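Novice: The structure follows.
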Amino acid sequence: MKHEAQAVQATIASPLGDILIAASAQGLVGVWFHDQKHLPLAEERARWPQQPGHAVLQAAANQLAGYFAGRRSTFDLPLDLGRGTAFQQSVWQALLEIRCGDTASYSELAQRIGKPRAVRAVGAAVGRNPVSVIVPCHRVVGAGGALTGYAGGLPRKSALLELEASGRSLP
């Protein structure tokens, strides 16, 4: 996946570990846990200036803090999801339709985007979601509700789902 060459970045603390957030001129391009799979390469991140005061990054940091504190269940941020393929973007848009506290299976997501036989490809696109938490890939579960796959790790996925189910803050 091609990431934004002209991005700016900041690192924020969360109850689940440090999070790298990045924005382009169009909006938020990335939200990654520090040890997440598919994190942009260090050489690429080194080209992104640190700008924690950038308006989009500041709004993302504030909204994520509210989410982790149990005070926010939705996000209102400009997103720039244009770095993925058309198929990936369709999956990421479908993720945005899964409400807080709800889950969907990979099969249901494939149905929603009109590609019922593309369950594995949907799974791959979910795993490549560059805007974790805000584009809620953690709300996708396996058949029968099994917790499967999460680029940020299954313990984080479980914690995010518990946070959303309880409405309380994470410790």
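The way I read the labels, and the way they are meant: chains A, B, ... in the order of the structure tokens, residue 1 as the first residue of every chain, and ligand 1 as the first ligand shown, with later ones counted on from there.
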Per DSSP on the backbone, what are the helix (DSSP H, G or I) residues of stretch 110-170 of chain A, as a PyMOL selection string?
Specialist: chain A and resi 110-112+119-127+137-139+143-145+154-166
Novice: Could you write those residues out with N, CA and C atoms, as a JSON list (two decimals), in the first residue's frame?
Specialist:
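So the final result, stored in selection.json, reads:
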```
[["chain", "number", "residue", "atom", "x", "y", "z"],
["A", 110, "ALA", "N", -18.43, -8.91, 3.04],
["A", 110, "ALA", "CA", -18.35, -9.25, 1.61],
["A", 110, "ALA", "C", -19.71, -9.07, 0.95],
["A", 111, "GLN", "N", -20.77, -9.48, 1.63],
["A", 111, "GLN", "CA", -22.14, -9.30, 1.12],
["A", 111, "GLN", "C", -22.45, -7.81, 0.96],
["A", 112, "ARG", "N", -22.09, -7.02, 1.97],
["A", 112, "ARG", "CA", -22.41, -5.58, 1.95],
["A", 112, "ARG", "C", -21.77, -4.85, 0.78],
["A", 119, "VAL", "N", -14.62, -13.27, 0.46],
["A", 119, "VAL", "CA", -14.43, -13.20, 1.91],
["A", 119, "VAL", "C", -12.96, -13.08, 2.28],
["A", 120, "ARG", "N", -12.10, -13.86, 1.64],
["A", 120, "ARG", "CA", -10.66, -13.78, 1.96],
["A", 120, "ARG", "C", -10.08, -12.43, 1.56],
["A", 121, "ALA", "N", -10.47, -11.93, 0.42],
["A", 121, "ALA", "CA", -9.98, -10.61, -0.01],
["A", 121, "ALA", "C", -10.49, -9.52, 0.92],
["A", 122, "VAL", "N", -11.72, -9.66, 1.40],
["A", 122, "VAL", "CA", -12.24, -8.71, 2.39],
["A", 122, "VAL", "C", -11.39, -8.77, 3.65],
["A", 123, "GLY", "N", -11.07, -9.97, 4.10],
["A", 123, "GLY", "CA", -10.22, -10.12, 5.27],
["A", 123, "GLY", "C", -8.87, -9.45, 5.10],
["A", 124, "ALA", "N", -8.28, -9.60, 3.93],
["A", 124, "ALA", "CA", -6.99, -8.96, 3.65],
["A", 124, "ALA", "C", -7.13, -7.44, 3.67],
["A", 125, "ALA", "N", -8.20, -6.92, 3.09],
["A", 125, "ALA", "CA", -8.42, -5.46, 3.08],
["A", 125, "ALA", "C", -8.67, -4.93, 4.49],
["A", 126, "VAL", "N", -9.42, -5.68, 5.29],
["A", 126, "VAL", "CA", -9.64, -5.27, 6.68],
["A", 126, "VAL", "C", -8.30, -5.19, 7.41],
["A", 127, "GLY", "N", -7.45, -6.18, 7.20],
["A", 127, "GLY", "CA", -6.15, -6.20, 7.85],
["A", 127, "GLY", "C", -5.24, -5.07, 7.43],
["A", 137, "CYS", "N", -12.05, -1.60, 12.11],
["A", 137, "CYS", "CA", -11.77, -2.97, 11.68],
["A", 137, "CYS", "C", -11.84, -3.95, 12.85],
["A", 138, "HIS", "N", -11.72, -3.44, 14.07],
["A", 138, "HIS", "CA", -11.81, -4.31, 15.25],
["A", 138, "HIS", "C", -13.23, -4.87, 15.43],
["A", 139, "ARG", "N", -14.20, -4.32, 14.75],
["A", 139, "ARG", "CA", -15.60, -4.78, 14.86],
["A", 139, "ARG", "C", -15.91, -5.94, 13.92],
["A", 143, "ALA", "N", -16.76, -16.19, 11.70],
["A", 143, "ALA", "CA", -18.06, -16.86, 11.72],
["A", 143, "ALA", "C", -18.40, -17.24, 13.15],
["A", 144, "GLY", "N", -19.64, -17.04, 13.53],
["A", 144, "GLY", "CA", -20.08, -17.38, 14.88],
["A", 144, "GLY", "C", -19.59, -16.41, 15.94],
["A", 145, "GLY", "N", -19.02, -15.27, 15.54],
["A", 145, "GLY", "CA", -18.58, -14.26, 16.50],
["A", 145, "GLY", "C", -17.19, -14.47, 17.06],
["A", 154, "LEU", "N", -4.84, -9.45, 18.94],
["A", 154, "LEU", "CA", -6.14, -9.85, 19.49],
["A", 154, "LEU", "C", -6.43, -9.28, 20.88],
["A", 155, "PRO", "N", -5.44, -9.12, 21.77],
["A", 155, "PRO", "CA", -5.75, -8.49, 23.06],
["A", 155, "PRO", "C", -6.31, -7.07, 22.90],
["A", 156, "ARG", "N", -5.78, -6.31, 21.95],
["A", 156, "ARG", "CA", -6.32, -4.97, 21.70],
["A", 156, "ARG", "C", -7.73, -5.03, 21.12],
["A", 157, "LYS", "N", -7.93, -5.95, 20.19],
["A", 157, "LYS", "CA", -9.26, -6.10, 19.59],
["A", 157, "LYS", "C", -10.28, -6.40, 20.69],
["A", 158, "SER", "N", -9.94, -7.33, 21.55],
["A", 158, "SER", "CA", -10.83, -7.69, 22.66],
["A", 158, "SER", "C", -11.09, -6.49, 23.57],
["A", 159, "ALA", "N", -10.04, -5.73, 23.88],
["A", 159, "ALA", "CA", -10.19, -4.55, 24.75],
["A", 159, "ALA", "C", -11.08, -3.49, 24.09],
["A", 160, "LEU", "N", -10.92, -3.28, 22.79],
["A", 160, "LEU", "CA", -11.74, -2.28, 22.09],
["A", 160, "LEU", "C", -13.21, -2.70, 22.07],
["A", 161, "LEU", "N", -13.46, -3.97, 21.81],
["A", 161, "LEU", "CA", -14.85, -4.45, 21.81],
["A", 161, "LEU", "C", -15.46, -4.36, 23.20],
["A", 162, "GLU", "N", -14.68, -4.66, 24.23],
["A", 162, "GLU", "CA", -15.17, -4.56, 25.61],
["A", 162, "GLU", "C", -15.46, -3.10, 25.96],
["A", 163, "LEU", "N", -14.58, -2.20, 25.57],
["A", 163, "LEU", "CA", -14.80, -0.77, 25.80],
["A", 163, "LEU", "C", -16.13, -0.34, 25.19],
["A", 164, "GLU", "N", -16.36, -0.74, 23.95],
["A", 164, "GLU", "CA", -17.59, -0.34, 23.27],
["A", 164, "GLU", "C", -18.83, -0.99, 23.87],
["A", 165, "ALA", "N", -18.69, -2.20, 24.35],
["A", 165, "ALA", "CA", -19.84, -2.88, 24.96],
["A", 165, "ALA", "C", -20.18, -2.30, 26.32],
["A", 166, "SER", "N", -19.14, -1.88, 27.06],
["A", 166, "SER", "CA", -19.38, -1.40, 28.43],
["A", 166, "SER", "C", -19.64, 0.09, 28.51]]
```
Novice: Within 10 Å of A:Arg47, counting only C-alpha atoms, which residues qualify if same-chain residues fewer than 6 places away don't, as a list in words?
Specialist: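 In the requested form, the answer reads Ala5, Gln6, Ala7, Val8 and Gln9 of chain A.
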Novice: Mind checking which residues fall within 10 Å of A:Ala60, counting only C-alpha atoms, ignoring those fewer than 5 positions away in the same chain, and posting them as a list in words?
Specialist: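 Residues meeting the cut-off are Ile12, Ile21, Ala22, Ala23, Leu28, Val31, His54, Ala55, Ala65, Gly66, Phe75, Asp76, Leu77, Pro78 and Ile134 of chain A.
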Novice: Which residue is closest to A:Ile19? Choose from A:Leu170, A:Ala146, A:Ala104, A:Leu57 and count only C-alpha atoms.
Specialist: A:Leu57
Novice: Determine which residues of chain A receive a DSSP assignment of strand (DSSP E or B), computed from the backbone, and state them as a list in words.
Specialist: Val8, Gln9, Ala10, Thr11, Ile12, Ile19, Leu20, Ile21, Ala22, Ala23, Leu28, Val29, Gly30, Val31, Trp32, Phe33, Gln50, Leu79, Ala104, Ser105, Val131, Val140 and Val141 of chain A
Novice: Tell me, as a list in words, which residues lie within 12 Å of A:Thr74, counting only C-alpha atoms; anything in the same chain fewer than 4 positions away does not count.
Specialist: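 Within the cut-off, the hits are Ala60, Gln63, Leu64, Gly66, Tyr67, Phe68, Gly70, Leu96, Glu97, Ile98, Arg99, Cys100, Gly101, Val133, Ile134, Val135, Pro136 and Glu164 of chain A.
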Novice: With C-alpha atoms retained, write the just-selected residues as an mmCIF file, in the first residue's frame.
Specialist:
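The resulting file, out-v4.cif, is reproduced below:
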```cif
data_model
loop_
_atom_site.group_PDB
_atom_site.id
_atom_site.type_symbol
_atom_site.label_atom_id
_atom_site.label_comp_id
_atom_site.auth_asym_id
_atom_site.auth_seq_id
_atom_site.Cartn_x
_atom_site.Cartn_y
_atom_site.Cartn_z
ATOM 1 C CA ALA A 60 -7.831 12.972 16.123
ATOM 2 C CA GLN A 63 -11.393 12.336 19.787
ATOM 3 C CA LEU A 64 -9.352 9.195 20.450
ATOM 4 C CA GLY A 66 -12.589 10.744 24.415
ATOM 5 C CA TYR A 67 -13.165 7.311 22.879
ATOM 6 C CA PHE A 68 -10.722 5.582 25.234
ATOM 7 C CA GLY A 70 -15.723 6.037 27.208
ATOM 8 C CA LEU A 96 -17.458 2.835 8.714
ATOM 9 C CA GLU A 97 -21.056 1.595 8.613
ATOM 10 C CA ILE A 98 -20.584 -0.834 11.534
ATOM 11 C CA ARG A 99 -21.944 1.013 14.547
ATOM 12 C CA CYS A 100 -20.179 1.173 17.871
ATOM 13 C CA GLY A 101 -21.121 -1.873 19.947
ATOM 14 C CA VAL A 133 -9.999 2.341 15.686
ATOM 15 C CA ILE A 134 -11.544 5.237 13.728
ATOM 16 C CA VAL A 135 -12.271 2.995 10.724
ATOM 17 C CA PRO A 136 -13.425 0.179 13.005
ATOM 18 C CA GLU A 164 -17.591 -0.340 23.266
#
```
Novice: Considering only C-alpha atoms, return as a ChimeraX atom specification whatever protein or nucleic-acid residues lie within 8 Å of A:Ala151, sequence-local ones (same chain, fewer than 5 positions apart) excluded.
Specialist: /A:36-38,127-128
Novice: Taking only C-alpha atoms into account, which of A:Leu20, A:Ala59, A:Asn129, A:Gln89 comes nearest A:Ala42?
Specialist: A:Leu20
Novice: What lies within 9 Å of A:His34 using only C-alpha atoms, ignoring chain neighbours under 4 positions off, as a PyMOL selection string?
Specialist: chain A and resi 11+17-20+39+152
